[in-house]
Amino acid sequence: MALMLGIDIGGTKVAVARVTEDGTVQGEVMEFPSPSTGPEEFVEALLEQLREVRSRIEDDILGVGVGCAGTIDWHESKVVESPNLPLEDEPLGEQIAKALRLPVVLDNDANTATLAEVRVGAAKGMSHVIMLTLGTGVGGGIVLDGKLYRGATGSAGELGHTIVNGNDDLCRCGRRGCLEQYASGSALERYARRIVDHGRLASAVGGDDAADAAAERPEDYAKRLSELAAADDLNGKSVGELALEGDAAARDAVAEVAYWLGAGLANMANIFNPDMIVIGGGLSSLGDLLLEPARKVMEAHAIRPNGTVAQVTAAQLGNEAGVVGAALVAWEVLENVTVPV
Ligand SMILES: [Zn+2]
């Protein structure tokens with residue numbers, strides 16, 4: 001059976017799997033923690049681990065697809081920069097090709113996740129698909145006419161850094177007003193913290209600040225969020241879980257994320273007129289608690305018919321999307337891959 005290796009390199013772990021042309025994982029997904037060394041040793045430690053994993057695989061492997069967090073130079077097979085890995089202008093594709101003695105194709109991890117959802121996930125069979133991954137940050141991928149759109153150099157699809165509010169909070173990218181600052185797991189935590197600190201969330205959703213301040217809230221409104229904060233356990237995940245349990249304050253924090261997500265979706269709908277926008281990443285586990293209000297904001301703000309044409313759906317593939325998508329990219333572009341030395 002013909003197999004590609006899919007490698008997904010994230011900030012906390014690296015996953016490797018053998019994947020068939022139709023996107024099926026063969027055997028187990030092998031994982032190891034991302035090297036926690038500084039920039040000098042990171043690549044060497046990563047290559048060492050990959051060599052070790054490769055030595056345990058007995059099947060013939062045709063090639064390797066690598067999905068990596070960060071901005072990718074598609075033509076040079078380089079990581080230009082990465083928000084959570086110590087990589088800068090790193091020719092990672094060539095390095096992995098040499099280490100594994102296999103042809104390698106390197107792409108952004110949100111691109112690979114998007115391709116996986118289009119080929120075998122929530123957007124299977126659709127031609128025009130946008131994906132947003134809502135985690136610590138916000139990643140994006142664009143499929144147009146059935147193909148991943150990478151732009152001039154490979155870094156198209158940075159949808160998390162589209163500007164939704166020009167003069168407010170500083171983003172990790174050093175700029176202000178990025179969607180990522182308003183509709184990510186970090187944003188959910190920030191909103192929850194604001195509720196803990198001020199007893200309420202002066203929000204875009206609430207509109208009128210004065211009316212919002214005067215609104216009646218039960219005395220124990222922020223109790224459970226405050227308990228999480230006191231236990232040093234307030235984060236996007238814990239706030240999301242509390243919201244799913246029905247906690248009103250946590251739900252207000254989610255509603256704020258939903259509002260800004262909806263604004264982002266309206267932009268995507270207006271630019272691309274997609275069939276579907278797939279929402280992945282940790283926050284997608286909130287399901288319709290997040291997606292339903294976001295859809296409403298999108299429909300209210302996007303032009304007709306874009307806002308009603310675009311279905312907004314949670315991703316289907318979960319953790320395997322990274323390795324499957326990386327391998328599917330390799331299956332698609334094998335003729336363009338870096339040749340091993
Ligand atoms: Zn940004």
# chains A, B, ... in the order shown; residues from 1 in each chain; ligands from 1
call {"tool": "residues_around", "arguments": {"residues": "Glu52 in chain A", "least_positions_apart": "6", "cutoff": "12 Å", "atoms": "only C-alpha atoms", "output": "MDAnalysis selection string"}}
result
chainID A and resid 16 30:32 45:46 99:100
call {"tool": "residues_near_ligand", "arguments": {"ligand": "ligand 1", "cutoff": "6 Å", "atoms": "only C-alpha atoms and all ligand atoms", "output": "PyMOL selection string"}}
result
chain A and resi 161+171-173+175+178
call {"tool": "select_by_dssp", "arguments": {"residues": "range 35-247 of chain A", "states": "helix (DSSP H, G or I)", "output": "MDAnalysis selection string"}}
result
chainID A and resid 39:55 92:100 109:120 159:161 179:181 185:198 209:214 223:230 236:245
call {"tool": "closest_residue", "arguments": {"among": "A:Arg200, A:Lys98, A:Arg217, A:Arg194", "to": "Leu234 in chain A", "atoms": "only C-alpha atoms"}}
result
A:Arg194
call {"tool": "residues_around", "arguments": {"residues": "Ala187 in chain A", "least_positions_apart": "4", "cutoff": "12 Å", "atoms": "only C-alpha atoms", "output": "MDAnalysis selection string"}}
result
chainID A and resid 134:138 169:172 177:183 191:194 234:237 239:240 253:261 283
call {"tool": "decode", "arguments": {"residues": "range 229-278 of chain A", "atoms": "N, CA and C atoms", "output": "mmCIF file, in the first residue's frame"}}
result
data_model
loop_
_atom_site.group_PDB
_atom_site.id
_atom_site.type_symbol
_atom_site.label_atom_id
_atom_site.label_comp_id
_atom_site.auth_asym_id
_atom_site.auth_seq_id
_atom_site.Cartn_x
_atom_site.Cartn_y
_atom_site.Cartn_z
ATOM 1 N N ALA A 229 -10.096 31.955 38.885
ATOM 2 C CA ALA A 229 -8.977 32.903 38.908
ATOM 3 C C ALA A 229 -8.165 32.729 40.192
ATOM 4 N N ALA A 230 -8.860 32.547 41.306
ATOM 5 C CA ALA A 230 -8.179 32.392 42.598
ATOM 6 C C ALA A 230 -7.332 31.115 42.610
ATOM 7 N N ALA A 231 -7.807 30.091 41.910
ATOM 8 C CA ALA A 231 -7.068 28.819 41.856
ATOM 9 C C ALA A 231 -6.016 28.833 40.749
ATOM 10 N N ASP A 232 -5.835 30.012 40.120
ATOM 11 C CA ASP A 232 -4.886 30.170 39.025
ATOM 12 C C ASP A 232 -5.206 29.206 37.874
ATOM 13 N N ASP A 233 -6.497 29.025 37.635
ATOM 14 C CA ASP A 233 -6.944 28.059 36.636
ATOM 15 C C ASP A 233 -7.899 28.699 35.636
ATOM 16 N N LEU A 234 -7.767 30.014 35.468
ATOM 17 C CA LEU A 234 -8.637 30.712 34.519
ATOM 18 C C LEU A 234 -7.954 30.727 33.156
ATOM 19 N N ASN A 235 -8.513 30.008 32.200
ATOM 20 C CA ASN A 235 -7.970 30.021 30.839
ATOM 21 C C ASN A 235 -9.111 29.747 29.859
ATOM 22 N N GLY A 236 -8.802 29.825 28.572
ATOM 23 C CA GLY A 236 -9.845 29.669 27.565
ATOM 24 C C GLY A 236 -10.611 28.369 27.733
ATOM 25 N N LYS A 237 -9.883 27.298 28.046
ATOM 26 C CA LYS A 237 -10.510 25.983 28.162
ATOM 27 C C LYS A 237 -11.460 25.933 29.357
ATOM 28 N N SER A 238 -10.981 26.404 30.519
ATOM 29 C CA SER A 238 -11.812 26.304 31.728
ATOM 30 C C SER A 238 -13.029 27.230 31.640
ATOM 31 N N VAL A 239 -12.848 28.398 31.022
ATOM 32 C CA VAL A 239 -13.984 29.311 30.865
ATOM 33 C C VAL A 239 -15.012 28.695 29.911
ATOM 34 N N GLY A 240 -14.511 28.069 28.843
ATOM 35 C CA GLY A 240 -15.407 27.408 27.891
ATOM 36 C C GLY A 240 -16.220 26.299 28.552
ATOM 37 N N GLU A 241 -15.549 25.514 29.389
ATOM 38 C CA GLU A 241 -16.251 24.413 30.072
ATOM 39 C C GLU A 241 -17.339 24.949 31.008
ATOM 40 N N LEU A 242 -17.012 26.044 31.688
ATOM 41 C CA LEU A 242 -17.983 26.659 32.584
ATOM 42 C C LEU A 242 -19.189 27.185 31.794
ATOM 43 N N ALA A 243 -18.906 27.754 30.627
ATOM 44 C CA ALA A 243 -19.992 28.269 29.776
ATOM 45 C C ALA A 243 -20.905 27.124 29.334
ATOM 46 N N LEU A 244 -20.297 25.985 28.975
ATOM 47 C CA LEU A 244 -21.099 24.836 28.543
ATOM 48 C C LEU A 244 -21.973 24.308 29.679
ATOM 49 N N GLU A 245 -21.494 24.495 30.930
ATOM 50 C CA GLU A 245 -22.309 24.088 32.091
ATOM 51 C C GLU A 245 -23.446 25.054 32.358
ATOM 52 N N GLY A 246 -23.404 26.239 31.704
ATOM 53 C CA GLY A 246 -24.502 27.181 31.836
ATOM 54 C C GLY A 246 -24.210 28.399 32.695
ATOM 55 N N ASP A 247 -22.967 28.554 33.148
ATOM 56 C CA ASP A 247 -22.622 29.713 33.982
ATOM 57 C C ASP A 247 -22.817 31.017 33.184
ATOM 58 N N ALA A 248 -23.595 31.950 33.753
ATOM 59 C CA ALA A 248 -23.996 33.155 33.017
ATOM 60 C C ALA A 248 -22.803 34.047 32.683
ATOM 61 N N ALA A 249 -21.895 34.222 33.625
ATOM 62 C CA ALA A 249 -20.752 35.109 33.378
ATOM 63 C C ALA A 249 -19.840 34.525 32.301
ATOM 64 N N ALA A 250 -19.585 33.216 32.392
ATOM 65 C CA ALA A 250 -18.749 32.569 31.376
ATOM 66 C C ALA A 250 -19.422 32.662 30.008
ATOM 67 N N ARG A 251 -20.756 32.561 29.999
ATOM 68 C CA ARG A 251 -21.478 32.686 28.725
ATOM 69 C C ARG A 251 -21.379 34.099 28.156
ATOM 70 N N ASP A 252 -21.346 35.111 29.033
ATOM 71 C CA ASP A 252 -21.159 36.478 28.543
ATOM 72 C C ASP A 252 -19.788 36.631 27.887
ATOM 73 N N ALA A 253 -18.776 35.987 28.481
ATOM 74 C CA ALA A 253 -17.435 36.038 27.885
ATOM 75 C C ALA A 253 -17.435 35.348 26.521
ATOM 76 N N VAL A 254 -18.136 34.204 26.415
ATOM 77 C CA VAL A 254 -18.235 33.500 25.133
ATOM 78 C C VAL A 254 -18.992 34.358 24.110
ATOM 79 N N ALA A 255 -20.034 35.059 24.578
ATOM 80 C CA ALA A 255 -20.820 35.902 23.670
ATOM 81 C C ALA A 255 -19.957 37.010 23.073
ATOM 82 N N GLU A 256 -19.015 37.513 23.863
ATOM 83 C CA GLU A 256 -18.111 38.554 23.348
ATOM 84 C C GLU A 256 -17.213 37.974 22.246
ATOM 85 N N VAL A 257 -16.683 36.762 22.490
ATOM 86 C CA VAL A 257 -15.887 36.095 21.452
ATOM 87 C C VAL A 257 -16.746 35.883 20.201
ATOM 88 N N ALA A 258 -17.987 35.456 20.396
ATOM 89 C CA ALA A 258 -18.884 35.165 19.268
ATOM 90 C C ALA A 258 -19.138 36.421 18.432
ATOM 91 N N TYR A 259 -19.300 37.547 19.125
ATOM 92 C CA TYR A 259 -19.548 38.794 18.389
ATOM 93 C C TYR A 259 -18.405 39.089 17.428
ATOM 94 N N TRP A 260 -17.176 39.038 17.975
ATOM 95 C CA TRP A 260 -16.017 39.377 17.137
ATOM 96 C C TRP A 260 -15.752 38.309 16.089
ATOM 97 N N LEU A 261 -15.993 37.053 16.443
ATOM 98 C CA LEU A 261 -15.874 35.989 15.449
ATOM 99 C C LEU A 261 -16.832 36.262 14.292
ATOM 100 N N GLY A 262 -18.058 36.667 14.642
ATOM 101 C CA GLY A 262 -19.052 36.982 13.612
ATOM 102 C C GLY A 262 -18.591 38.105 12.697
ATOM 103 N N ALA A 263 -17.927 39.116 13.288
ATOM 104 C CA ALA A 263 -17.388 40.214 12.470
ATOM 105 C C ALA A 263 -16.334 39.664 11.512
ATOM 106 N N GLY A 264 -15.465 38.779 12.023
ATOM 107 C CA GLY A 264 -14.456 38.149 11.167
ATOM 108 C C GLY A 264 -15.106 37.318 10.063
ATOM 109 N N LEU A 265 -16.146 36.569 10.423
ATOM 110 C CA LEU A 265 -16.837 35.725 9.436
ATOM 111 C C LEU A 265 -17.467 36.575 8.334
ATOM 112 N N ALA A 266 -18.011 37.738 8.726
ATOM 113 C CA ALA A 266 -18.619 38.628 7.729
ATOM 114 C C ALA A 266 -17.564 39.076 6.720
ATOM 115 N N ASN A 267 -16.350 39.395 7.222
ATOM 116 C CA ASN A 267 -15.269 39.769 6.306
ATOM 117 C C ASN A 267 -14.942 38.619 5.351
ATOM 118 N N MET A 268 -14.820 37.410 5.911
ATOM 119 C CA MET A 268 -14.493 36.235 5.071
ATOM 120 C C MET A 268 -15.597 36.010 4.034
ATOM 121 N N ALA A 269 -16.853 36.128 4.483
ATOM 122 C CA ALA A 269 -17.973 35.901 3.570
ATOM 123 C C ALA A 269 -17.954 36.933 2.445
ATOM 124 N N ASN A 270 -17.658 38.186 2.777
ATOM 125 C CA ASN A 270 -17.639 39.234 1.754
ATOM 126 C C ASN A 270 -16.477 39.089 0.789
ATOM 127 N N ILE A 271 -15.316 38.672 1.274
ATOM 128 C CA ILE A 271 -14.149 38.569 0.391
ATOM 129 C C ILE A 271 -14.243 37.327 -0.493
ATOM 130 N N PHE A 272 -14.650 36.196 0.094
ATOM 131 C CA PHE A 272 -14.511 34.921 -0.622
ATOM 132 C C PHE A 272 -15.821 34.300 -1.095
ATOM 133 N N ASN A 273 -16.949 34.739 -0.578
ATOM 134 C CA ASN A 273 -18.230 34.100 -0.904
ATOM 135 C C ASN A 273 -18.114 32.567 -0.812
ATOM 136 N N PRO A 274 -17.674 32.073 0.343
ATOM 137 C CA PRO A 274 -17.454 30.623 0.467
ATOM 138 C C PRO A 274 -18.763 29.833 0.620
ATOM 139 N N ASP A 275 -18.683 28.523 0.271
ATOM 140 C CA ASP A 275 -19.797 27.613 0.568
ATOM 141 C C ASP A 275 -19.870 27.396 2.071
ATOM 142 N N MET A 276 -18.687 27.298 2.678
ATOM 143 C CA MET A 276 -18.643 26.939 4.092
ATOM 144 C C MET A 276 -17.443 27.592 4.783
ATOM 145 N N ILE A 277 -17.661 27.971 6.053
ATOM 146 C CA ILE A 277 -16.553 28.391 6.905
ATOM 147 C C ILE A 277 -16.479 27.379 8.047
ATOM 148 N N VAL A 278 -15.347 26.682 8.126
ATOM 149 C CA VAL A 278 -15.167 25.643 9.140
ATOM 150 C C VAL A 278 -14.421 26.249 10.335
#
